[in-house]
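**Q** Handing over my_file.cif, mmCIF, C-alpha atoms.
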data_work
loop_
_atom_site.label_atom_id
_atom_site.label_comp_id
_atom_site.auth_asym_id
_atom_site.auth_seq_id
_atom_site.Cartn_x
_atom_site.Cartn_y
_atom_site.Cartn_z
CA MET A 1 0.00 0.00 0.00
CA TYR A 2 2.73 2.46 0.97
CA THR A 3 4.78 1.57 -2.12
CA HIS A 4 1.80 2.15 -4.37
CA ALA A 5 1.00 5.49 -2.71
CA PHE A 6 4.59 6.73 -3.09
CA LEU A 7 4.98 5.66 -6.73
CA ASP A 8 1.59 7.08 -7.66
CA GLU A 9 2.89 10.62 -7.06
CA PHE A 10 6.59 10.13 -7.84
CA VAL A 11 6.19 11.38 -11.41
CA PRO A 12 8.92 13.75 -12.67
CA LEU A 13 6.60 15.25 -15.28
CA TYR A 14 4.11 16.57 -12.70
CA PRO A 15 5.85 19.87 -11.85
CA LEU A 16 6.71 20.69 -15.48
CA TYR A 17 3.89 19.55 -17.74
CA ALA A 18 2.40 23.06 -17.85
CA VAL A 19 5.83 24.36 -18.89
CA LEU A 20 5.92 21.68 -21.61
CA PHE A 21 2.61 22.96 -22.96
CA ALA A 22 3.85 26.55 -22.98
CA ASP A 23 7.16 25.61 -24.64
CA THR A 24 5.20 23.80 -27.35
CA GLY A 25 3.51 27.11 -28.17
CA LEU A 26 0.17 26.79 -26.41
CA SER A 27 -1.49 29.94 -25.15
CA GLY A 28 -2.85 30.41 -21.66
CA ALA A 29 -6.39 29.87 -22.92
CA GLU A 30 -5.40 26.63 -24.65
CA ILE A 31 -3.70 25.35 -21.49
CA SER A 32 -6.80 26.22 -19.46
CA SER A 33 -8.97 24.34 -21.95
CA LEU A 34 -6.82 21.26 -21.37
CA PHE A 35 -7.50 21.48 -17.65
CA VAL A 36 -11.22 21.72 -18.42
CA ILE A 37 -10.99 18.54 -20.52
CA TRP A 38 -9.23 16.85 -17.61
CA SER A 39 -11.92 17.91 -15.11
CA VAL A 40 -14.82 16.97 -17.38
CA THR A 41 -13.37 13.49 -17.91
CA SER A 42 -13.02 12.97 -14.16
CA PHE A 43 -16.57 14.26 -13.55
CA ALA A 44 -18.06 11.97 -16.19
CA LEU A 45 -16.32 8.78 -15.05
CA GLU A 46 -16.15 9.26 -11.27
CA VAL A 47 -19.38 7.50 -10.26
CA PRO A 48 -19.46 4.84 -13.06
CA SER A 49 -15.93 3.78 -12.18
CA GLY A 50 -16.89 3.45 -8.51
CA VAL A 51 -19.81 1.19 -9.44
CA TRP A 52 -17.51 -0.85 -11.66
CA ALA A 53 -15.11 -1.30 -8.73
CA ASP A 54 -17.95 -2.73 -6.62
CA VAL A 55 -19.10 -5.02 -9.45
CA PHE A 56 -15.71 -6.04 -10.80
CA SER A 57 -12.48 -6.15 -8.76
CA ARG A 58 -11.21 -3.21 -6.75
CA ARG A 59 -7.59 -4.39 -6.84
CA ARG A 60 -7.63 -4.81 -10.62
CA LEU A 61 -9.05 -1.34 -11.15
CA VAL A 62 -6.40 0.17 -8.88
CA ALA A 63 -3.72 -1.64 -10.87
CA LEU A 64 -5.20 -0.78 -14.25
CA SER A 65 -5.70 2.87 -13.36
CA SER A 66 -2.03 3.73 -13.94
CA LEU A 67 -1.98 2.34 -17.48
CA PRO A 68 -4.14 5.04 -19.17
CA THR A 69 -2.03 7.67 -17.41
CA ALA A 70 1.14 6.04 -18.72
CA ALA A 71 -0.32 6.03 -22.23
CA GLY A 72 -1.16 9.71 -21.94
CA PHE A 73 2.37 10.64 -20.83
CA ALA A 74 3.82 8.55 -23.68
CA LEU A 75 1.61 10.39 -26.16
CA TRP A 76 2.77 13.76 -24.82
CA THR A 77 6.40 12.69 -25.16
CA VAL A 78 6.21 11.22 -28.66
CA LEU A 79 3.84 13.75 -30.23
CA PRO A 80 3.79 17.06 -28.31
CA CYS A 81 0.87 19.04 -29.77
CA TYR A 82 -2.56 20.21 -28.63
CA PRO A 83 -4.56 17.16 -29.83
CA SER A 84 -2.09 14.83 -28.09
CA PHE A 85 -2.22 16.86 -24.89
CA ALA A 86 -6.03 16.78 -24.97
CA ALA A 87 -6.08 13.01 -25.54
CA GLY A 88 -3.50 12.59 -22.78
CA PHE A 89 -5.69 14.45 -20.30
CA VAL A 90 -8.65 12.26 -21.24
CA LEU A 91 -6.49 9.21 -20.51
CA TRP A 92 -5.16 10.72 -17.27
CA GLY A 93 -8.66 11.65 -16.12
CA THR A 94 -9.81 8.11 -16.90
CA GLY A 95 -7.01 6.62 -14.83
CA THR A 96 -7.73 8.92 -11.90
CA ALA A 97 -11.42 8.04 -11.98
CA LEU A 98 -10.68 4.30 -12.07
CA ALA A 99 -8.72 4.46 -8.82
CA SER A 100 -11.02 6.94 -7.05
CA GLY A 101 -13.24 5.07 -4.63
CA ALA A 102 -11.76 1.70 -5.53
CA LEU A 103 -8.59 2.19 -3.48
CA GLU A 104 -10.36 3.42 -0.35
CA ALA A 105 -12.91 0.60 -0.56
CA LEU A 106 -10.19 -2.00 -1.09
CA VAL A 107 -8.11 -0.83 1.86
CA HIS A 108 -11.07 -0.64 4.24
CA GLU A 109 -12.38 -4.03 3.17
CA GLU A 110 -9.02 -5.74 3.63
CA LEU A 111 -8.50 -4.18 7.04
CA THR A 112 -12.00 -5.29 8.07
CA HIS A 113 -11.23 -8.78 6.79
CA ARG A 114 -8.20 -8.83 9.12
CA GLY A 115 -10.10 -7.35 12.07
CA ALA A 116 -8.20 -4.07 11.90
CA ALA A 117 -10.77 -1.62 10.50
CA GLY A 118 -9.79 0.86 13.21
CA ASP A 119 -6.39 1.26 11.54
CA TYR A 120 -7.90 2.68 8.35
CA ALA A 121 -7.39 6.37 9.15
CA ARG A 122 -3.82 5.84 10.35
CA LEU A 123 -2.86 3.82 7.27
CA MET A 124 -4.49 6.20 4.79
CA GLY A 125 -2.97 9.20 6.56
CA ARG A 126 0.51 7.75 6.25
CA ALA A 127 -0.16 6.93 2.60
CA GLN A 128 -1.14 10.57 1.99
CA ALA A 129 2.03 11.71 3.76
CA LEU A 130 4.09 9.49 1.47
CA ARG A 131 2.30 10.97 -1.53
CA THR A 132 3.29 14.46 -0.41
CA THR A 133 6.87 13.32 0.10
CA ALA A 134 6.91 11.72 -3.36
CA VAL A 135 5.73 14.95 -5.00
CA THR A 136 8.51 16.85 -3.24
CA LEU A 137 11.18 14.39 -4.37
CA ALA A 138 9.83 14.28 -7.92
CA THR A 139 9.94 18.08 -8.05
CA ALA A 140 13.54 18.06 -6.86
CA LEU A 141 14.52 15.47 -9.51
CA ALA A 142 12.64 17.08 -12.40
CA ALA A 143 15.19 19.86 -13.02
CA PRO A 144 18.30 17.63 -13.34
CA VAL A 145 16.43 15.09 -15.47
CA LEU A 146 15.24 17.88 -17.77
CA ALA A 147 18.76 19.28 -17.99
CA VAL A 148 20.22 15.92 -18.97
CA GLY A 149 17.60 14.49 -21.31
CA GLY A 150 14.96 17.15 -21.94
CA TYR A 151 11.23 16.47 -21.99
CA GLY A 152 11.86 13.09 -23.63
CA ALA A 153 13.68 11.87 -20.53
CA LEU A 154 11.00 13.31 -18.25
CA GLY A 155 8.27 11.58 -20.22
CA ALA A 156 10.07 8.24 -20.36
CA ALA A 157 10.76 8.32 -16.61
CA SER A 158 7.12 9.20 -15.90
CA VAL A 159 5.84 6.32 -18.05
CA ALA A 160 8.20 3.93 -16.26
CA VAL A 161 6.98 5.10 -12.84
CA CYS A 162 3.34 4.61 -13.92
CA LEU A 163 4.10 1.03 -14.96
CA LEU A 164 5.77 0.40 -11.59
CA THR A 165 2.69 1.87 -9.89
CA ALA A 166 0.49 -0.58 -11.81
CA ALA A 167 2.66 -3.47 -10.63
CA ALA A 168 2.45 -2.24 -7.03
CA GLY A 169 -1.32 -2.01 -7.35
CA TRP A 170 -1.52 -5.55 -8.70
CA ALA A 171 0.42 -6.76 -5.64
CA LEU A 172 -2.21 -5.41 -3.23
CA PRO A 173 -4.28 -8.11 -1.50
CA GLU A 174 -7.97 -8.62 -2.20
CA SER A 175 -9.99 -11.15 -0.26
CA ARG A 176 -13.28 -10.87 -2.15
CA GLY A 177 -14.35 -14.17 -3.68
CA PRO A 178 -15.64 -14.71 -7.22
CA ARG A 179 -19.30 -14.32 -6.20
CA ARG A 180 -18.68 -10.93 -4.62
CA GLU A 181 -16.55 -9.80 -7.52
CA HIS A 182 -19.58 -10.14 -9.76
CA GLY A 183 -21.78 -7.87 -7.73
CA ALA A 184 -23.49 -10.34 -5.42
CA GLY A 185 -21.44 -9.27 -2.43
CA SER A 186 -22.79 -8.87 1.03
CA GLY A 187 -23.43 -5.72 2.94
CA LYS A 188 -21.54 -4.39 5.92
CA ALA A 189 -23.08 -6.94 8.21
CA GLY A 190 -22.57 -9.79 5.78
CA GLN A 191 -26.17 -9.80 4.51
CA GLY A 192 -27.00 -8.96 0.92
CA GLY A 193 -29.59 -6.42 -0.04
CA GLU A 194 -32.92 -7.18 -1.61
CA GLU A 195 -31.38 -6.81 -5.07
CA ASP A 196 -28.66 -9.41 -4.57
CA GLY A 197 -30.58 -11.93 -6.57
CA GLU A 198 -30.10 -10.11 -9.87
CA GLN A 199 -27.99 -12.02 -12.31
CA GLY A 200 -25.56 -10.94 -14.98
CA ASP A 201 -23.01 -8.19 -15.07
CA GLY A 202 -25.47 -5.60 -16.40
CA GLY A 203 -27.99 -6.36 -13.67
CA SER A 204 -25.28 -6.33 -11.04
CA PHE A 205 -24.06 -2.94 -12.25
CA ARG A 206 -27.55 -1.47 -12.00
CA ALA A 207 -28.18 -3.12 -8.64
CA VAL A 208 -24.96 -1.80 -7.12
CA LEU A 209 -25.61 1.70 -8.46
CA ARG A 210 -29.13 1.65 -7.01
CA ALA A 211 -27.81 0.31 -3.71
CA GLY A 212 -25.22 3.08 -3.46
CA LEU A 213 -27.68 5.85 -4.33
CA ALA A 214 -30.29 4.40 -1.96
CA GLU A 215 -27.78 4.29 0.87
CA VAL A 216 -26.97 7.96 0.40
CA ARG A 217 -30.65 8.86 0.09
CA ARG A 218 -32.00 6.84 3.02
CA GLU A 219 -29.19 7.05 5.59
CA PRO A 220 -28.80 10.52 7.16
CA VAL A 221 -25.48 9.53 8.75
CA VAL A 222 -24.04 8.48 5.39
CA ARG A 223 -25.33 11.64 3.78
CA ARG A 224 -23.78 13.90 6.42
CA ARG A 225 -20.44 12.13 6.38
CA LEU A 226 -20.34 12.07 2.59
CA LEU A 227 -20.94 15.81 2.52
CA LEU A 228 -18.25 16.38 5.14
CA ALA A 229 -15.70 14.31 3.21
CA ALA A 230 -16.56 16.07 -0.06
CA VAL A 231 -16.21 19.55 1.42
CA LEU A 232 -12.96 18.89 3.28
CA THR A 233 -11.37 17.09 0.34
CA GLY A 234 -12.49 19.63 -2.25
CA THR A 235 -11.35 22.62 -0.21
CA THR A 236 -7.79 21.28 -0.17
CA ALA A 237 -7.63 22.62 -3.76
CA LEU A 238 -6.37 25.73 -1.97
CA ASP A 239 -2.88 24.22 -2.01
CA GLU A 240 -2.64 25.18 -5.70
CA TYR A 241 -2.32 28.79 -4.54
CA VAL A 242 0.37 28.25 -1.92
CA PRO A 243 3.18 29.29 -4.34
CA LEU A 244 1.33 32.55 -5.04
CA LEU A 245 0.92 33.14 -1.32
CA ALA A 246 4.61 32.48 -0.73
CA ALA A 247 5.62 34.89 -3.49
CA ALA A 248 3.28 37.55 -2.07
CA THR A 249 5.21 37.58 1.22
CA GLY A 250 7.96 39.55 -0.53
CA VAL A 251 10.74 36.97 -0.31
CA ASP A 252 13.28 36.51 -3.07
CA GLY A 253 12.18 34.19 -5.88
CA THR A 254 14.69 31.54 -4.83
CA ALA A 255 13.07 31.34 -1.38
CA VAL A 256 9.56 30.68 -2.70
CA PRO A 257 10.17 26.92 -3.21
CA LEU A 258 11.44 26.68 0.36
CA LEU A 259 8.25 28.22 1.74
CA VAL A 260 6.18 25.90 -0.46
CA LEU A 261 8.25 22.99 0.85
CA LEU A 262 7.47 24.13 4.42
CA VAL A 263 3.74 23.92 3.72
CA GLY A 264 4.24 20.53 2.08
CA ALA A 265 6.04 19.33 5.20
CA GLY A 266 3.15 20.51 7.35
CA THR A 267 0.72 18.62 5.13
CA ALA A 268 2.82 15.48 5.44
CA VAL A 269 2.87 15.77 9.24
CA GLY A 270 -0.91 16.05 9.20
CA GLY A 271 -1.09 12.81 7.24
CA TRP A 272 1.16 11.01 9.69
CA CYS A 273 -1.06 12.17 12.57
CA ALA A 274 -4.24 10.78 10.99
CA GLY A 275 -5.93 8.15 13.12
CA TYR A 276 -5.38 10.05 16.36
CA GLY A 277 -7.75 12.48 18.08
CA ALA A 278 -10.65 11.91 15.67
CA ARG A 279 -13.18 12.83 18.37
CA ARG A 280 -11.74 16.35 18.50
CA LEU A 281 -12.38 17.05 14.82
CA ALA A 282 -14.39 20.24 15.39
CA PRO A 283 -12.00 22.16 17.70
CA VAL A 284 -8.88 21.03 15.84
CA LEU A 285 -10.39 22.02 12.50
CA ALA A 286 -11.29 25.43 13.91
CA ALA A 287 -7.72 25.85 15.16
CA GLY A 288 -6.40 24.96 11.69
CA ALA A 289 -8.69 27.55 10.10
CA LEU A 290 -7.42 30.22 12.49
CA CYS A 291 -3.82 29.26 11.68
CA LEU A 292 -4.50 29.65 7.97
CA ALA A 293 -6.26 32.99 8.43
CA ALA A 294 -3.57 34.44 10.70
CA GLY A 295 -0.63 33.18 8.66
CA ALA A 296 -2.03 34.25 5.29
CA ALA A 297 -3.39 37.65 6.32
CA GLY A 298 -0.10 38.75 7.88
CA GLY A 299 1.77 38.78 4.57
CA HIS A 300 5.04 37.90 6.33
CA PRO A 301 7.30 34.93 5.50
CA ALA A 302 7.14 33.78 9.12
CA GLY A 303 3.38 33.43 8.74
CA MET A 304 3.94 30.53 6.36
CA ALA A 305 4.68 28.39 9.42
CA ALA A 306 1.11 28.99 10.61
CA VAL A 307 -0.16 28.26 7.09
CA ALA A 308 1.78 24.99 7.15
CA ALA A 309 0.15 24.09 10.46
CA GLY A 310 -3.26 24.88 8.99
CA PHE A 311 -2.71 22.68 5.95
CA GLY A 312 -1.47 19.90 8.22
CA VAL A 313 -4.74 20.08 10.16
CA PHE A 314 -6.75 20.05 6.93
CA GLN A 315 -4.94 16.95 5.73
CA TRP A 316 -5.61 15.22 9.05
CA ALA A 317 -9.26 16.29 8.95
CA MET A 318 -9.69 15.07 5.37
CA VAL A 319 -8.45 11.58 6.24
CA THR A 320 -10.55 11.55 9.42
CA ALA A 321 -13.69 12.45 7.43
CA ASP A 322 -12.95 9.71 4.90
CA ALA A 323 -12.53 7.19 7.72
CA ARG A 324 -15.90 8.20 9.21
CA LEU A 325 -17.54 7.76 5.82
CA GLN A 326 -16.02 4.31 5.34
CA GLU A 327 -17.31 3.26 8.77
CA SER A 328 -20.89 4.15 7.87
CA VAL A 329 -21.31 2.56 4.41
CA ARG A 330 -21.99 -1.03 3.42
CA ASP A 331 -19.28 -2.96 1.67
CA ARG A 332 -21.33 -3.89 -1.38
CA ALA A 333 -21.54 -0.29 -2.64
CA ARG A 334 -18.56 1.13 -0.75
CA ALA A 335 -16.62 2.25 -3.84
CA THR A 336 -19.79 3.69 -5.36
CA VAL A 337 -20.53 5.86 -2.32
CA THR A 338 -16.88 6.89 -2.05
CA SER A 339 -16.92 7.91 -5.72
CA ILE A 340 -20.03 10.01 -5.10
CA ALA A 341 -18.03 11.78 -2.39
CA GLY A 342 -15.19 12.17 -4.90
CA PHE A 343 -17.58 13.74 -7.39
CA GLY A 344 -18.74 16.15 -4.70
CA SER A 345 -15.16 17.08 -3.84
CA GLU A 346 -14.50 17.91 -7.51
CA VAL A 347 -17.51 20.22 -7.48
CA VAL A 348 -16.21 21.95 -4.34
CA ALA A 349 -12.74 22.27 -5.90
CA VAL A 350 -14.22 23.97 -8.97
CA LEU A 351 -16.07 26.39 -6.68
CA VAL A 352 -12.79 27.10 -4.88
CA PHE A 353 -11.05 27.84 -8.18
CA ALA A 354 -13.93 30.05 -9.33
CA GLY A 355 -14.02 31.90 -6.01
CA TYR A 356 -10.30 32.59 -6.13
CA ALA A 357 -10.51 33.73 -9.75
CA LEU A 358 -13.29 36.21 -8.90
CA GLY A 359 -11.65 37.42 -5.71
CA SER A 360 -8.21 37.86 -7.29
CA ALA A 361 -9.51 40.86 -9.22
CA ARG A 362 -9.74 42.83 -5.95
CA LEU A 363 -7.65 41.02 -3.33
CA ALA A 364 -4.06 39.83 -3.02
CA PRO A 365 -3.29 36.14 -2.34
CA GLY A 366 -2.86 36.72 1.40
CA PRO A 367 -6.34 38.12 2.12
CA LEU A 368 -7.90 35.63 -0.29
CA LEU A 369 -6.37 32.64 1.49
CA ALA A 370 -7.36 34.17 4.84
CA LEU A 371 -10.98 34.36 3.64
CA ALA A 372 -10.70 30.75 2.50
CA ALA A 373 -10.47 29.79 6.18
CA VAL A 374 -14.14 30.74 6.62
CA PRO A 375 -15.56 27.48 5.14
CA TYR A 376 -13.41 25.48 7.54
CA LEU A 377 -14.72 27.52 10.47
CA VAL A 378 -18.30 26.98 9.29
CA VAL A 379 -17.74 23.22 9.08
CA ALA A 380 -16.14 23.21 12.53
CA LEU A 381 -19.10 25.08 14.04
CA ALA A 382 -21.55 22.72 12.34
CA LEU A 383 -19.70 19.70 13.72
CA ALA A 384 -19.67 21.21 17.21
CA ALA A 385 -23.39 21.95 17.08
CA ALA A 386 -24.38 18.58 15.57
CA PRO A 387 -24.65 16.60 18.88
CA ALA A 388 -26.90 19.21 20.48
CA LEU A 389 -29.11 19.38 17.40
CA ALA A 390 -29.37 15.58 17.26
CA ALA A 391 -30.34 15.45 20.94
CA GLU A 392 -33.00 18.11 20.36
CA ARG A 393 -34.46 16.12 17.45
CA ARG A 394 -34.59 12.98 19.58
CA ARG A 395 -36.31 14.92 22.38
CA LYS A 396 -38.98 16.22 20.00
CA ARG A 397 -39.62 12.74 18.61
CA ARG A 398 -39.99 11.22 22.08
CA PRO A 399 -43.70 10.49 22.86
CA VAL A 400 -45.22 12.58 25.66
CA ARG A 401 -46.42 10.43 28.56
CA ARG A 402 -49.53 11.48 30.42
CA ARG A 403 -49.29 12.21 34.09
CA GLY A 404 -50.46 9.28 36.15
CA GLY A 405 -49.30 6.55 33.77
CA ARG A 406 -51.35 3.55 32.78
CA GLY A 407 -53.41 3.60 35.95
CA ALA A 408 -54.72 7.04 35.14
CA ASP A 409 -55.60 5.87 31.64
CA ARG A 410 -57.59 2.93 33.08
CA ARG A 411 -59.41 5.25 35.51
CA ALA A 412 -60.26 7.59 32.65
CA ARG A 413 -61.75 4.68 30.75
#
Could you quickly redo this structure as structure tokens?

**A**
Amino acid sequence: MYTHAFLDEFVPLYPLYAVLFADTGLSGAEISSLFVIWSVTSFALEVPSGVWADVFSRRRLVALSSLPTAAGFALWTVLPCYPSFAAGFVLWGTGTALASGALEALVHEELTHRGAAGDYARLMGRAQALRTTAVTLATALAAPVLAVGGYGALGAASVAVCLLTAAAGWALPESRGPRREHGAGSGKAGQGGEEDGEQGDGGSFRAVLRAGLAEVRREPVVRRRLLLAAVLTGTTALDEYVPLLAAATGVDGTAVPLLVLLVGAGTAVGGWCAGYGARRLAPVLAAGALCLAAGAAGGHPAGMAAVAAGFGVFQWAMVTADARLQESVRDRARATVTSIAGFGSEVVAVLVFAGYALGSARLAPGPLLALAAVPYLVVALALAAAPALAAERRRKRRPVRRRGGRGADRRAR
């Protein structure tokens, strides 16, 4: 699991593919259109791929997910032009969608099979920390590889890493038997739903999709936790603006990567801390929001330490929310429900991008990132108020007993 997580982000082309597009002659509008193609592909395939993971094999989808990405990088390397870049993003978006939901469901299921479901948050947090570390190392290696072999070497190295990632995914364990692989799997308690009797792959696909949607629709706990996971995951799109925030502090250009690395280190620490203190999600999340607001609004390089602490808290909270969601869903449609959360997080990320784009016309990166702490504070307040609201709802639903009890009722009759 850890090997797969590290290799999945250890791609030398990641920090420089936008530069490749620009060097090929693409305009800013053309590059933005490529990102739109990427997002649309992920949107379109997010939920269907999650259903497929529940019907088919989660391990196989995780392994196969790196192959379309490898094909896309190969296409960029061999034929660098706009149509190739667009096709590559379609392939990359397809690969991302295949793994989304499938990996989380696979890990939780295997831990449950071994009686260690409580370790899910800790394991996924460490995996996220390794992903952050891999991105940092890949960024450090990209410059020397580019200097030695150009974009051809970067592309070839990236394709090779994707193939290694596929091999690491294939090596992951999967305990589901043949019957469950074909969509007739049991629920969380080991009992199939009313639609388990459907036969055939097509029927299984429809049954699993209906089961996942019904679980979200009928279970308030699942719905709340799905929304929480989507919001916290989608809002982490703010990390795309960390370099702009670092540059806005007034440091020399050579120091900007160091400040970005500081925030990356804070994010990694948050991942390593996942699995601990989950019951304190509301106050810790509020503290992280205040760290982000104070560090970003100050406009001073030293404030980036507070920003790093905030992003560490957000990473920890994101993994904690995902763990809560996995605890509340049934295994049969686990990847489907997780993919619905992934779809929601993409929607939130687009709103974050749009909000920053609109706000950037009037505000500098520091104030904008400080304002971005508000959603986290709102979520923290909602989490803190949730127990009291639930208790109030239970009190209102409780039947009112007449004074005097049953004896009084008999006397009245």

**Q** Could you list, as number ranges by chain, every residue within 9 Å of Cys81 (chain A), counting all atoms listed in the file and ignoring same-chain residues fewer than 4 positions away?

**A** A: 21, 24-26, 76, 85-86

**Q** Could you tell me which residues the PyMOL selection byres ((chain A and resi 323-336) around 8) grabs in this file, written as an MDAnalysis selection string?

**A** chainID A and resid 47:51 53:54 100:102 104:105 108:109 120:121 183:189 192 208:209 211:212 215 221:222 225:226 229 319:322 337:340

**Q** Looking at A:Ala386, A:Ala248, A:Ala308, A:Ala341, which one is nearest to Val216 (chain A), with distances taken over all atoms listed in the file?

**A** A:Ala341

**Q** For CA of Ser66 (chain A) and CA of Leu111 (chain A), quote the distance in Å rounded to one decimal.

**A**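 Atom-to-atom, CA of Ser66 (chain A) and CA of Leu111 (chain A) are spaced 23.3 Å apart.
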
**Q** Using only C-alpha atoms, which of A:Val161, A:Leu228, A:Ala317, A:Ala18 sits nearest Ala278 (chain A)?

**A**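 So, comparing all the options, the nearest one is A:Ala317.
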
**Q** Which one is closest to Thr133 (chain A): A:Val284, A:Val350, A:Val313, A:Val269? Count all atoms listed in the file.

**A**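 Ranked by minimum distance to Thr133 (chain A), first place goes to A:Val269.
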
**Q** Given the PyMOL selection byres ((chain A and resi 355-358) around 12) and the file above, list the residues it selects as a list in words.

**A**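 Selected by the PyMOL selection byres ((chain A and resi 355-358) around 12) here: Thr235, Ala237, Leu238, Asp239, Glu240, Tyr241, Leu244, Val348, Ala349, Val350, Leu351, Val352, Phe353, Ala354, Gly359, Ser360, Ala361, Arg362, Leu363, Ala364, Pro365, Gly366, Pro367, Leu368, Leu369, Ala370, Leu371 and Ala372 of chain A.
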
**Q** Please report the interatomic distance between CA of Tyr17 (chain A) and CA of Ala305 (chain A) in Å with one decimal.

**A**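 Computing the Euclidean distance for CA of Tyr17 (chain A) and CA of Ala305 (chain A) yields 28.6 Å.
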
**Q** List as JSON, numbers by chain the protein and nucleic acid residues near Ala380 (chain A), meaning an atom at most 12 Å away when only C-alpha atoms are counted, but skip any in the same chain fewer than 4 places from it.

**A** {"A": [228, 231, 232, 280, 281, 282, 283, 284, 285, 286, 287, 288, 289, 290, 314, 317, 373, 374, 375, 376, 384, 385, 386]}

**Q** Since I can't run it myself right now, could you work out what the PyMOL selection byres ((chain A and resi 69) around 10) selects here and report it as a list of chain:residue names?

**A**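 After applying the PyMOL selection byres ((chain A and resi 69) around 10), what remains is A:Leu64, A:Ser65, A:Ser66, A:Leu67, A:Pro68, A:Ala70, A:Ala71, A:Gly72, A:Phe73, A:Ala74, A:Leu75, A:Gly88, A:Phe89, A:Val90, A:Leu91, A:Trp92, A:Gly93, A:Thr94, A:Gly95, A:Thr96, A:Ser158, A:Val159, A:Cys162, A:Leu163.
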
**Q** One number please: CA of Leu34 (chain A) to CA of Ala22 (chain A), in Å, one decimal.

**A**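 Separation of CA of Leu34 (chain A) and CA of Ala22 (chain A): 12.0 Å.
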
**Q** Please identify all polymer residues within 9 Å of Ala171 (chain A), counting only C-alpha atoms, omitting same-chain residues fewer than 2 positions from it, and present them as number ranges by chain.

**A** A: 1, 59, 63, 166-169, 173

**Q** Restricting the output to C-alpha atoms, write the selected residues as a PDB file, in the frame of the given file.

**A**
ATOM      1  CA  MET A   1       0.000   0.000   0.000  1.00  0.00           C
ATOM      2  CA  ARG A  59      -7.590  -4.390  -6.840  1.00  0.00           C
ATOM      3  CA  ALA A  63      -3.720  -1.640 -10.870  1.00  0.00           C
ATOM      4  CA  ALA A 166       0.490  -0.580 -11.810  1.00  0.00           C
ATOM      5  CA  ALA A 167       2.660  -3.470 -10.630  1.00  0.00           C
ATOM      6  CA  ALA A 168       2.450  -2.240  -7.030  1.00  0.00           C
ATOM      7  CA  GLY A 169      -1.320  -2.010  -7.350  1.00  0.00           C
ATOM      8  CA  PRO A 173      -4.280  -8.110  -1.500  1.00  0.00           C
TER       9      PRO A 173
END

**Q** Which is closer to Ser57 (chain A) than all the others in A:Ala29, A:Ala127, A:Leu172, A:Ala143, using only C-alpha atoms?

**A**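 Under the stated criterion, the closest residue is A:Leu172.
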
**Q** Enumerate, as a ChimeraX atom specification, the protein, DNA and RNA residues whose atoms approach (-16.7, 13.9, -13.2) to within 9 Å, taking into account all atoms listed in the file and the coordinate frame of the file.

**A** /A:39-47,93,97,342-343,346-347

**Q** Can you work out which one of A:Val107, A:Leu154, A:Ala134, A:Ala382 has the shortest atom-to-atom distance to Thr77 (chain A), counting only C-alpha atoms?

**A**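 Counting only C-alpha atoms, the residue closest to Thr77 (chain A) is A:Leu154.
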
**Q** Using only C-alpha atoms, can you tell me which of A:Leu381, A:Val307, A:Leu146, A:Val11 comes closest to Ala293 (chain A)?

**A** A:Val307

**Q** If we count all atoms listed in the file, what is near Phe10 (chain A) at a cut-off of 10 Å, once residues fewer than 6 positions away on the same chain are taken out, given as a PyMOL selection string?

**A** chain A and resi 4+130-139+141+157-158+161-162+165
